[in-house]
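start17.csv, holding CSV, C-alpha atoms:
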chain,number,residue,atom,x,y,z
A,10,LYS,CA,-13.1,23.9,-29.9
A,11,TYR,CA,-9.8,24.4,-28.0
A,12,THR,CA,-6.2,25.0,-28.8
A,13,SER,CA,-3.1,25.5,-26.7
A,14,GLY,CA,-3.6,24.8,-23.0
A,15,ARG,CA,-3.9,22.0,-20.5
A,16,TYR,CA,-6.5,19.4,-20.9
A,17,THR,CA,-7.2,17.4,-17.7
A,18,TRP,CA,-9.4,14.4,-17.0
A,19,ARG,CA,-10.0,12.7,-13.6
A,20,THR,CA,-10.7,9.2,-14.7
A,21,TYR,CA,-11.3,5.9,-12.9
A,22,ILE,CA,-9.5,2.9,-14.5
A,23,PRO,CA,-11.1,-0.4,-13.4
A,24,ALA,CA,-9.6,-3.9,-13.7
A,25,MET,CA,-10.4,-4.6,-17.3
A,26,GLY,CA,-11.0,-8.1,-18.5
A,27,GLU,CA,-7.8,-10.1,-19.0
A,28,LYS,CA,-6.7,-9.8,-22.6
A,29,ASP,CA,-9.9,-7.8,-23.5
A,30,GLN,CA,-9.8,-5.3,-26.4
A,31,ALA,CA,-11.5,-2.6,-24.4
A,32,SER,CA,-10.2,0.9,-23.5
A,33,VAL,CA,-11.1,3.8,-21.3
A,34,GLY,CA,-10.2,6.9,-23.3
A,35,SER,CA,-9.4,10.5,-22.4
A,36,TRP,CA,-8.6,12.4,-25.6
A,37,ILE,CA,-8.8,15.4,-27.8
A,38,TYR,CA,-9.8,15.2,-31.5
A,39,CYS,CA,-9.9,17.4,-34.6
A,40,ASP,CA,-9.9,14.7,-37.3
A,41,ASP,CA,-8.3,11.3,-37.8
A,42,HIS,CA,-4.9,12.8,-38.3
A,43,HIS,CA,-5.1,15.3,-35.4
A,44,GLU,CA,-5.9,13.3,-32.3
A,45,LEU,CA,-4.0,13.1,-29.0
A,46,ASP,CA,-5.1,10.6,-26.4
A,47,PHE,CA,-4.8,8.3,-23.5
A,48,GLU,CA,-6.2,4.9,-24.1
A,49,VAL,CA,-6.1,2.5,-21.1
A,50,GLY,CA,-6.8,-1.2,-21.2
A,51,TYR,CA,-5.5,-4.6,-20.4
A,52,GLY,CA,-2.9,-4.5,-23.1
A,53,THR,CA,-1.6,-7.3,-25.3
A,54,GLU,CA,0.6,-10.0,-23.7
A,55,GLU,CA,3.6,-8.8,-25.7
A,56,VAL,CA,3.3,-5.1,-24.6
A,57,ARG,CA,2.6,-6.1,-21.0
A,58,LYS,CA,5.8,-8.1,-20.9
A,59,GLN,CA,7.7,-5.3,-22.7
A,60,ILE,CA,6.8,-2.7,-20.0
A,61,GLY,CA,6.7,-5.1,-17.0
A,62,ALA,CA,3.0,-4.6,-16.2
A,63,THR,CA,2.0,-6.6,-13.1
A,64,GLU,CA,-1.1,-8.7,-12.9
A,65,LYS,CA,-3.0,-5.8,-11.2
A,66,GLU,CA,-1.9,-3.1,-13.6
A,67,MET,CA,-3.4,-1.9,-16.9
A,68,VAL,CA,-1.6,-0.4,-19.9
A,69,ALA,CA,-2.0,3.3,-20.7
A,70,TYR,CA,-1.1,4.3,-24.3
A,71,MET,CA,-0.2,8.0,-25.0
A,72,THR,CA,-0.7,8.6,-28.7
A,73,SER,CA,-0.5,11.2,-31.4
A,74,GLN,CA,-2.3,9.8,-34.4
A,75,ASP,CA,-0.2,11.7,-36.9
A,76,PHE,CA,2.3,14.5,-37.6
A,77,PRO,CA,4.2,12.7,-36.2
A,78,TYR,CA,2.6,9.4,-35.2
A,79,THR,CA,3.8,8.2,-31.7
A,80,SER,CA,2.4,5.8,-29.2
A,81,THR,CA,4.0,5.0,-25.9
A,82,PRO,CA,2.7,2.4,-23.4
A,83,VAL,CA,3.2,2.6,-19.6
A,84,ALA,CA,1.8,0.5,-16.8
A,85,VAL,CA,-0.8,2.2,-14.5
A,86,SER,CA,-2.6,0.9,-11.4
A,87,THR,CA,-6.4,0.6,-11.3
A,88,GLY,CA,-8.2,3.4,-9.5
A,89,TRP,CA,-8.6,7.1,-10.0
A,90,HIS,CA,-6.0,9.0,-12.0
A,91,ILE,CA,-5.4,12.5,-13.3
A,92,PHE,CA,-4.6,12.4,-17.1
A,93,GLU,CA,-3.3,15.6,-18.7
A,94,ILE,CA,-2.3,16.7,-22.1
A,95,ASP,CA,-0.5,20.0,-22.2
A,96,LEU,CA,-0.2,21.8,-25.5
A,97,THR,CA,2.3,24.7,-25.6
A,98,LEU,CA,3.4,26.6,-28.7
A,99,ARG,CA,7.1,26.3,-29.8
A,100,ASN,CA,8.0,28.2,-33.0
A,101,GLY,CA,4.3,28.2,-33.9
A,102,LYS,CA,3.8,24.4,-33.5
A,103,TYR,CA,2.3,22.5,-30.6
A,104,TYR,CA,4.6,20.8,-28.1
A,105,ALA,CA,2.6,18.0,-26.4
A,106,THR,CA,3.3,16.7,-22.9
A,107,TRP,CA,1.3,13.7,-21.5
A,108,ARG,CA,1.1,13.4,-17.7
A,109,ILE,CA,-0.4,10.8,-15.5
A,110,ASP,CA,-0.9,12.0,-11.9
A,111,HIS,CA,1.2,15.1,-12.6
A,112,GLU,CA,4.2,13.0,-13.7
A,113,VAL,CA,5.5,13.5,-17.3
A,114,LYS,CA,5.2,10.3,-19.2
A,115,GLN,CA,5.7,11.4,-22.9
A,116,GLU,CA,6.6,14.5,-24.8
A,117,VAL,CA,6.7,15.2,-28.5
A,118,GLN,CA,7.1,18.2,-30.9
A,119,LEU,CA,4.0,18.2,-33.2
A,120,GLN,CA,4.2,19.4,-36.8
A,121,PHE,CA,1.0,21.5,-36.5
A,122,GLY,CA,-0.1,24.4,-34.4
A,123,SER,CA,-3.1,26.5,-33.4
A,124,GLU,CA,-4.6,26.3,-36.9
A,125,ILE,CA,-5.8,22.9,-35.5
A,126,ALA,CA,-8.4,23.1,-32.7
A,127,PHE,CA,-9.8,20.2,-30.7
A,128,HIS,CA,-12.9,18.8,-29.1
A,129,ILE,CA,-12.6,17.1,-25.8
A,130,TYR,CA,-13.8,13.5,-25.3
A,131,CYS,CA,-14.2,10.7,-22.8
A,132,SER,CA,-15.0,7.2,-23.9
A,133,VAL,CA,-15.1,3.5,-23.4
A,134,GLU,CA,-14.4,1.6,-26.6
A,135,ASN,CA,-13.5,-1.8,-28.0
A,136,LEU,CA,-10.1,-1.3,-29.7
A,137,LYS,CA,-8.2,-4.1,-31.3
A,138,PHE,CA,-4.7,-2.9,-30.5
A,139,ILE,CA,-5.2,-2.8,-26.8
A,140,GLY,CA,-5.8,-6.5,-26.1
A,141,ASP,CA,-5.6,-10.0,-27.5
A,142,ARG,CA,-9.3,-10.9,-27.9
A,143,ILE,CA,-12.9,-9.6,-28.1
A,144,PRO,CA,-14.0,-8.5,-24.6
A,145,GLN,CA,-15.2,-11.4,-22.5
A,146,GLN,CA,-16.8,-9.2,-19.8
A,147,GLU,CA,-18.5,-5.8,-19.5
A,148,ASN,CA,-15.9,-3.1,-19.1
A,149,TYR,CA,-16.5,0.4,-18.0
A,150,GLY,CA,-14.8,3.7,-17.0
A,151,LEU,CA,-15.9,6.5,-14.8
A,152,PHE,CA,-15.1,10.2,-15.4
A,153,ASP,CA,-15.3,12.7,-12.5
A,154,PHE,CA,-14.4,15.8,-14.4
A,155,VAL,CA,-12.8,17.3,-17.5
A,156,GLN,CA,-11.1,20.6,-17.4
A,157,TYR,CA,-9.5,22.9,-19.9
A,158,GLN,CA,-7.1,25.7,-18.9
A,159,TYR,CA,-6.0,28.0,-21.8
A,160,HIS,CA,-2.4,29.2,-22.0
A,161,PRO,CA,-0.6,30.6,-25.1
Since I need it in another form, could you write the structure as structure tokens?
Amino acid sequence: KYTSGRYTWRTYIPAMGEKDQASVGSWIYCDDHHELDFEVGYGTEEVRKQIGATEKEMVAYMTSQDFPYTSTPVAVSTGWHIFEIDLTLRNGKYYATWRIDHEVKQEVQLQFGSEIAFHIYCSVENLKFIGDRIPQQENYGLFDFVQYQYHP
């Protein structure tokens, strides 16, 4: 189990099936209320329009499941990416920063701190929110490495 520090994944994002409810995930998890993640998939038509995703881009969601709940979608190209979640302590609570290819994409002050420790995961899942239909093709993800670097 891990606490404050930088969580890094080098993950390959393929061209997912159009409208498929499939996701390549890079995430940290304690329980259903303490989970921070990247979930990358085709995206719903509504969200794709909202963020201006091109035909060749996928949608990456950066999410805190609770305390507070937040979820921000951004467009990402297919191919290899570095996904990072950095947890620092501010007044005893985690401050989370999500980066894609070393560029800050989302930040949020969480309402919990180092009393919550995480496990590190990689996954390919079928998730309803990330597309408009049950997958119509086999989708996959590749993971080159996962790294954790502690810092207080």
Quick one: residues within 12 Å of Ser13 of chain A, all atoms listed in the file, excluding same-chain residues fewer than 2 positions away - as a PyMOL selection string? chain A and resi 10-11+15-16+37+94-99+101-106+121-127+157-161
d(atom CA of Ser86 of chain A, atom CA of Leu45 of chain A) in Å: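 Atom CA of Leu45 of chain A lies at a distance of 21.5 Å from atom CA of Ser86 of chain A.
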Please, which residues are within 6 Å of (-7.7, -3.7, -25.8) by the file's coordinates, counting all atoms listed in the file, and could they come as JSON, numbers by chain? {"A": [29, 30, 31, 32, 50, 51, 52, 136, 137, 138, 139, 140]}
Using all atoms listed in the file, what residues lie at most 7 Å away from (0.4, 13.5, -13.5) (file coordinates), given as a ChimeraX atom specification? /A:91-93,108-113
Work out how far atom CA of Ser35 of chain A is from atom CA of Glu48 of chain A, in Å to one decimal.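 Going from atom CA of Glu48 of chain A over to atom CA of Ser35 of chain A covers 6.7 Å.
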Taking into account only C-alpha atoms, which residue in the set A:Lys58, A:Val155, A:Phe76, A:Glu147 is nearest to Ile129 of chain A?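 Closest candidate: A:Val155.
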For Asp75 of chain A, list every protein, DNA or RNA residue within 9 Å, evaluated using all atoms listed in the file, and leave out those in the same chain fewer than 6 positions away; present the list as an mmCIF file with C-alpha atoms, in the coordinates of the input.
data_model
loop_
_atom_site.group_PDB
_atom_site.id
_atom_site.type_symbol
_atom_site.label_atom_id
_atom_site.label_comp_id
_atom_site.auth_asym_id
_atom_site.auth_seq_id
_atom_site.Cartn_x
_atom_site.Cartn_y
_atom_site.Cartn_z
ATOM 1 C CA ASP A 41 -8.300 11.300 -37.800
ATOM 2 C CA HIS A 42 -4.900 12.800 -38.300
ATOM 3 C CA HIS A 43 -5.100 15.300 -35.400
ATOM 4 C CA GLU A 44 -5.900 13.300 -32.300
ATOM 5 C CA LEU A 45 -4.000 13.100 -29.000
ATOM 6 C CA LEU A 119 4.000 18.200 -33.200
ATOM 7 C CA GLN A 120 4.200 19.400 -36.800
#
Record the distance separating atom CA of Gln59 of chain A and atom CA of Pro23 of chain A, expressed in Å with one decimal.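 Separation between atom CA of Gln59 of chain A and atom CA of Pro23 of chain A: 21.5 Å.
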